[in-house]
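What follows is a single structure, written as structure tokens, with notes after it.
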Amino acid sequence: MKTQKQNFTNLKNSKVVNRILKNVLGVMVLASLASCINDKDEVLVPQPDGVALAARFEDNRADATQEFILDAAAGGVIIGTQGTQVTFQPNSFGLNGTPVTGNVTVKLIEIYDKASMLLKDKSTLGMRANGDKEALKSAGEFHISALQSDVQMELLEMAGVQSRPVDFADLEGGMQIFRGDDDTNGDWVEADEDGNGEKDDAQIRDGQGADGAFATYNYDIGDFGWTNLDKWYNYAGAKTEIFIDVPAEFNQDNCAVYLSYDGEASTLARMDVYNTTLEMFTEHYGLIPVGLEVHIIMVAEIDGQLNYAIQGTTIVEDHIEVISSLSPITQAALETLINDLP
């Protein structure tokens with residue numbers, strides 16, 4: 001078992017201090033409360049609501065869903081509002097392996113920025129074949145499905161996905177196709193869409209538009225569901241663990257904490273491990289680069305209101321970041337703050 005040396009600094013208002021103070025001041029606090037508050041005068045403080053936060057994420061995904069009507073026999077092309085194109089071959093839509101006829105409703109969600117990733121809870125945390133989890137750099141996340149009379153269709157023929165146009169200066173070589181679904185608890189895993197036992201890479205194609213030259217990432221899918229254009233966030237330097245010390249009323253059931261990598265427009269990893277002994281959020285295998293500049297983002301739903309905290313920091317060995325409080329905010333304002341991060 002790995003022994004972790006903790007560097008507890010700057011822990012004012014943190015759970016670490018709270019646990020110490022509880023042992024020393026517990027009797028005094030209880031006596032004071034008993035003398036100052038009776039049953040009739042007790043004030044109930046709104047508590048974070050994890051169910052409401054999960055519902056917000058789900059509603060955001062539903063609100064982002066675009067619908068298109070295609071003739072099942074003819075196939076066709078759909079184009080999302082952000083420029084994603086999906087091309088379906090004739091007789092691509094089926095049920096129990098048999099092509100259907102008539103119209104089908106194709107649904108598309110396209111995600112390209114950090115705010116959308118966070119508020120739809122589709123962060124870029126990848127899982128390797130051995131179970132290790134690491135951050136990914138994304139060029140787009142997509143959910144594609146099709147229904148006929150509210151019945152989920154199967155994809156019988158490979159469909160082509162083309163990302164929104166990308167400036168040549170922003171192209172990333174080595175993008176792969178990842179899948180994320182209930183079987184992976186939402187983590188992204190390397191895809192094998194054609195079933196040949198090998199990972200699938202995206203192709204880059206040049207194009208020319210009204211605003212000049214551009215490129216797109218292109219790949220094929222063999223099944224409906226979530227796919228993600230990604231590459232592993234590889235870092236050759238020293239790495240460490242990071243702990244996020246949140247206010248006492250928060251835990252893994254009622255809030256969400258994310259790590260935004262500065263300088264990366266679409267690298268946002270959820271801190272999905274909660275250490276119940278330390279009562280802190282952390283990550284999996286101590287793979288956060290030392291010296292990396294990041295922003296910690298925490299969100300919660302409290303009394304029907306979105307609350308947040310955003311803190312910038314530079315990762316040090318055995319890093320502990322203390323979040324002392326959250327503030328109410330509208331979702332639109334939070335989206336702007338997140339997408340304006342470096």
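Ordering of the structure tokens sets the chain letters (A, B, ...), residue numbers begin anew at 1 in every chain, and ligands are numbered from 1 in the order given.
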Residue neighbourhood stretch 253-259 of chain A, 7 Å, only C-alpha atoms, exclusion window fewer than 6 positions, as a list in words: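 Surrounding residues, per the criterion: Pro48, Asp49, Gly50, Leu268, Ala269, Arg270, Met271, Val294, His295, Ile296, Ile297, Met298, Val299 and Ala300 of chain A.
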Could those selected residues go to a file with N, CA and C atoms, as a tab-separated table (two decimals), in the first residue's frame?
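Resulting contents of selection_33.tsv:
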chain	number	residue	atom	x	y	z
A	48	PRO	N	-26.71	21.36	0.90
A	48	PRO	CA	-26.50	20.97	-0.51
A	48	PRO	C	-27.33	19.75	-0.87
A	49	ASP	N	-27.86	19.76	-2.08
A	49	ASP	CA	-28.80	18.74	-2.55
A	49	ASP	C	-28.19	18.02	-3.75
A	50	GLY	N	-27.66	16.83	-3.51
A	50	GLY	CA	-27.02	16.07	-4.58
A	50	GLY	C	-27.99	15.59	-5.64
A	268	LEU	N	-10.72	18.78	-18.60
A	268	LEU	CA	-11.45	19.02	-17.36
A	268	LEU	C	-11.73	17.67	-16.73
A	269	ALA	N	-10.99	17.32	-15.67
A	269	ALA	CA	-11.14	16.02	-15.03
A	269	ALA	C	-11.93	16.15	-13.74
A	270	ARG	N	-12.90	15.26	-13.55
A	270	ARG	CA	-13.67	15.29	-12.30
A	270	ARG	C	-12.88	14.60	-11.20
A	271	MET	N	-12.87	15.21	-10.01
A	271	MET	CA	-12.25	14.60	-8.84
A	271	MET	C	-13.29	13.66	-8.24
A	294	VAL	N	-3.47	25.09	-12.52
A	294	VAL	CA	-4.82	24.58	-12.66
A	294	VAL	C	-5.81	25.52	-11.98
A	295	HIS	N	-7.08	25.26	-12.23
A	295	HIS	CA	-8.16	25.88	-11.48
A	295	HIS	C	-9.06	24.78	-10.92
A	296	ILE	N	-9.36	24.86	-9.63
A	296	ILE	CA	-10.28	23.93	-9.00
A	296	ILE	C	-11.67	24.53	-9.09
A	297	ILE	N	-12.63	23.75	-9.58
A	297	ILE	CA	-14.01	24.22	-9.71
A	297	ILE	C	-14.90	23.29	-8.89
A	298	MET	N	-15.68	23.88	-8.00
A	298	MET	CA	-16.62	23.10	-7.18
A	298	MET	C	-18.02	23.65	-7.41
A	299	VAL	N	-19.00	22.76	-7.59
A	299	VAL	CA	-20.38	23.18	-7.78
A	299	VAL	C	-21.30	22.37	-6.88
A	300	ALA	N	-22.40	23.00	-6.48
A	300	ALA	CA	-23.41	22.35	-5.66
A	300	ALA	C	-24.74	23.05	-5.89
Using DSSP on the backbone, list every residue of stretch 104-298 of chain A that comes out as helix (DSSP H, G or I), and give them as an MDAnalysis selection string. chainID A and resid 114:119 168:170 182:184
Write the residues of the selection above to a file with N, CA and C atoms, as a PDB file, in the first residue's frame.
ATOM      1  N   LYS A 114     -15.260  23.645 -21.881  1.00  0.00           N
ATOM      2  CA  LYS A 114     -15.203  23.179 -20.493  1.00  0.00           C
ATOM      3  C   LYS A 114     -16.507  23.399 -19.738  1.00  0.00           C
ATOM      4  N   ALA A 115     -17.150  24.546 -19.961  1.00  0.00           N
ATOM      5  CA  ALA A 115     -18.393  24.810 -19.241  1.00  0.00           C
ATOM      6  C   ALA A 115     -19.452  23.774 -19.580  1.00  0.00           C
ATOM      7  N   SER A 116     -19.556  23.419 -20.860  1.00  0.00           N
ATOM      8  CA  SER A 116     -20.523  22.398 -21.261  1.00  0.00           C
ATOM      9  C   SER A 116     -20.155  21.043 -20.670  1.00  0.00           C
ATOM     10  N   MET A 117     -18.859  20.733 -20.638  1.00  0.00           N
ATOM     11  CA  MET A 117     -18.430  19.471 -20.048  1.00  0.00           C
ATOM     12  C   MET A 117     -18.820  19.395 -18.577  1.00  0.00           C
ATOM     13  N   LEU A 118     -18.595  20.484 -17.842  1.00  0.00           N
ATOM     14  CA  LEU A 118     -18.887  20.469 -16.414  1.00  0.00           C
ATOM     15  C   LEU A 118     -20.387  20.426 -16.165  1.00  0.00           C
ATOM     16  N   LEU A 119     -21.139  21.310 -16.810  1.00  0.00           N
ATOM     17  CA  LEU A 119     -22.560  21.439 -16.504  1.00  0.00           C
ATOM     18  C   LEU A 119     -23.403  20.310 -17.104  1.00  0.00           C
ATOM     19  N   PHE A 168      -5.964  25.406 -38.235  1.00  0.00           N
ATOM     20  CA  PHE A 168      -4.770  24.556 -38.324  1.00  0.00           C
ATOM     21  C   PHE A 168      -3.867  24.717 -37.103  1.00  0.00           C
ATOM     22  N   ALA A 169      -3.808  25.915 -36.561  1.00  0.00           N
ATOM     23  CA  ALA A 169      -2.951  26.165 -35.402  1.00  0.00           C
ATOM     24  C   ALA A 169      -3.422  25.407 -34.164  1.00  0.00           C
ATOM     25  N   ASP A 170      -4.686  25.020 -34.143  1.00  0.00           N
ATOM     26  CA  ASP A 170      -5.250  24.337 -32.972  1.00  0.00           C
ATOM     27  C   ASP A 170      -5.357  22.832 -33.149  1.00  0.00           C
ATOM     28  N   ASP A 182     -22.693   3.648 -19.296  1.00  0.00           N
ATOM     29  CA  ASP A 182     -22.958   3.101 -17.972  1.00  0.00           C
ATOM     30  C   ASP A 182     -21.967   2.008 -17.582  1.00  0.00           C
ATOM     31  N   ASP A 183     -21.448   1.278 -18.564  1.00  0.00           N
ATOM     32  CA  ASP A 183     -20.516   0.191 -18.273  1.00  0.00           C
ATOM     33  C   ASP A 183     -19.185   0.703 -17.738  1.00  0.00           C
ATOM     34  N   THR A 184     -18.859   1.956 -18.022  1.00  0.00           N
ATOM     35  CA  THR A 184     -17.587   2.525 -17.557  1.00  0.00           C
ATOM     36  C   THR A 184     -17.809   3.614 -16.515  1.00  0.00           C
TER      37      THR A 184
END
Using only C-alpha atoms, determine which residues lie at most 9 Å from A:Ser266, disregarding the query and same-chain residues fewer than 2 positions distant; provide the list as JSON, numbers by chain. {"A": [112, 113, 114, 117, 123, 124, 136, 137, 138, 139, 140, 260, 261, 264, 268]}
Store the residues picked out above in a file with C-alpha atoms, as a PDB file, in the first residue's frame.
ATOM      1  CA  TYR A 112     -16.708  21.324 -27.219  1.00  0.00           C
ATOM      2  CA  ASP A 113     -15.978  23.587 -24.197  1.00  0.00           C
ATOM      3  CA  LYS A 114     -15.203  23.179 -20.493  1.00  0.00           C
ATOM      4  CA  MET A 117     -18.430  19.471 -20.048  1.00  0.00           C
ATOM      5  CA  SER A 123     -15.556  15.571 -17.965  1.00  0.00           C
ATOM      6  CA  THR A 124     -12.453  14.276 -19.730  1.00  0.00           C
ATOM      7  CA  LEU A 136      -7.665  13.471 -21.563  1.00  0.00           C
ATOM      8  CA  LYS A 137      -7.420  16.350 -24.036  1.00  0.00           C
ATOM      9  CA  SER A 138     -10.677  16.459 -25.988  1.00  0.00           C
ATOM     10  CA  ALA A 139     -11.542  17.740 -29.448  1.00  0.00           C
ATOM     11  CA  GLY A 140     -15.245  17.115 -28.939  1.00  0.00           C
ATOM     12  CA  SER A 260      -9.354  22.413 -15.013  1.00  0.00           C
ATOM     13  CA  TYR A 261      -5.936  22.340 -16.702  1.00  0.00           C
ATOM     14  CA  GLU A 264      -5.886  23.382 -22.325  1.00  0.00           C
ATOM     15  CA  LEU A 268     -11.447  19.020 -17.359  1.00  0.00           C
TER      16      LEU A 268
END
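Nearest residue to A:Gly126 among A:Leu229, A:Leu147, A:Leu155, A:Leu53 is A:Leu229, counting only C-alpha atoms.
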Kindly indicate which residue among A:Met127, A:Asp71, A:Gln85, A:Pro99 lies nearest to A:Gly186, using only C-alpha atoms for the distances.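 The answer is A:Met127, which sits nearest to A:Gly186.
Minimum atom-to-atom distances from A:Tyr308, A:Tyr233, A:Tyr285, A:Tyr274 to A:Thr330 were compared using only C-alpha atoms, and the lowest value belongs to A:Tyr308.
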Would you mind reading off the distance between atom CA of A:Arg205 and atom CA of A:His143, one decimal, in Å?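 Atom CA of A:His143 lies at a distance of 21.8 Å from atom CA of A:Arg205.
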Among stretch 41-100 of chain A, which ones does DSSP assign to strand (DSSP E or B) (computed from the backbone)? Answer as a PyMOL selection string. chain A and resi 48+66-71+75-79+85-88+93-95+98-99
Taking only C-alpha atoms into account, name the residue in A:Ala74, A:Ile109, A:Leu306, A:Leu292 that is nearest to A:Gly237. A:Leu292
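Here the question is which of A:Gln305, A:Thr227, A:Asn103, A:Thr81 gets nearest to A:Gly180 using only C-alpha atoms, and that residue is A:Thr227.
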Between atom CA of A:Asn196 and atom CA of A:Leu171, distance in Å (one decimal):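 Result for atom CA of A:Asn196 versus atom CA of A:Leu171: 26.9 Å, one decimal.
Atom CA of A:Asp223 is positioned 27.8 Å from atom CA of A:Ala265.
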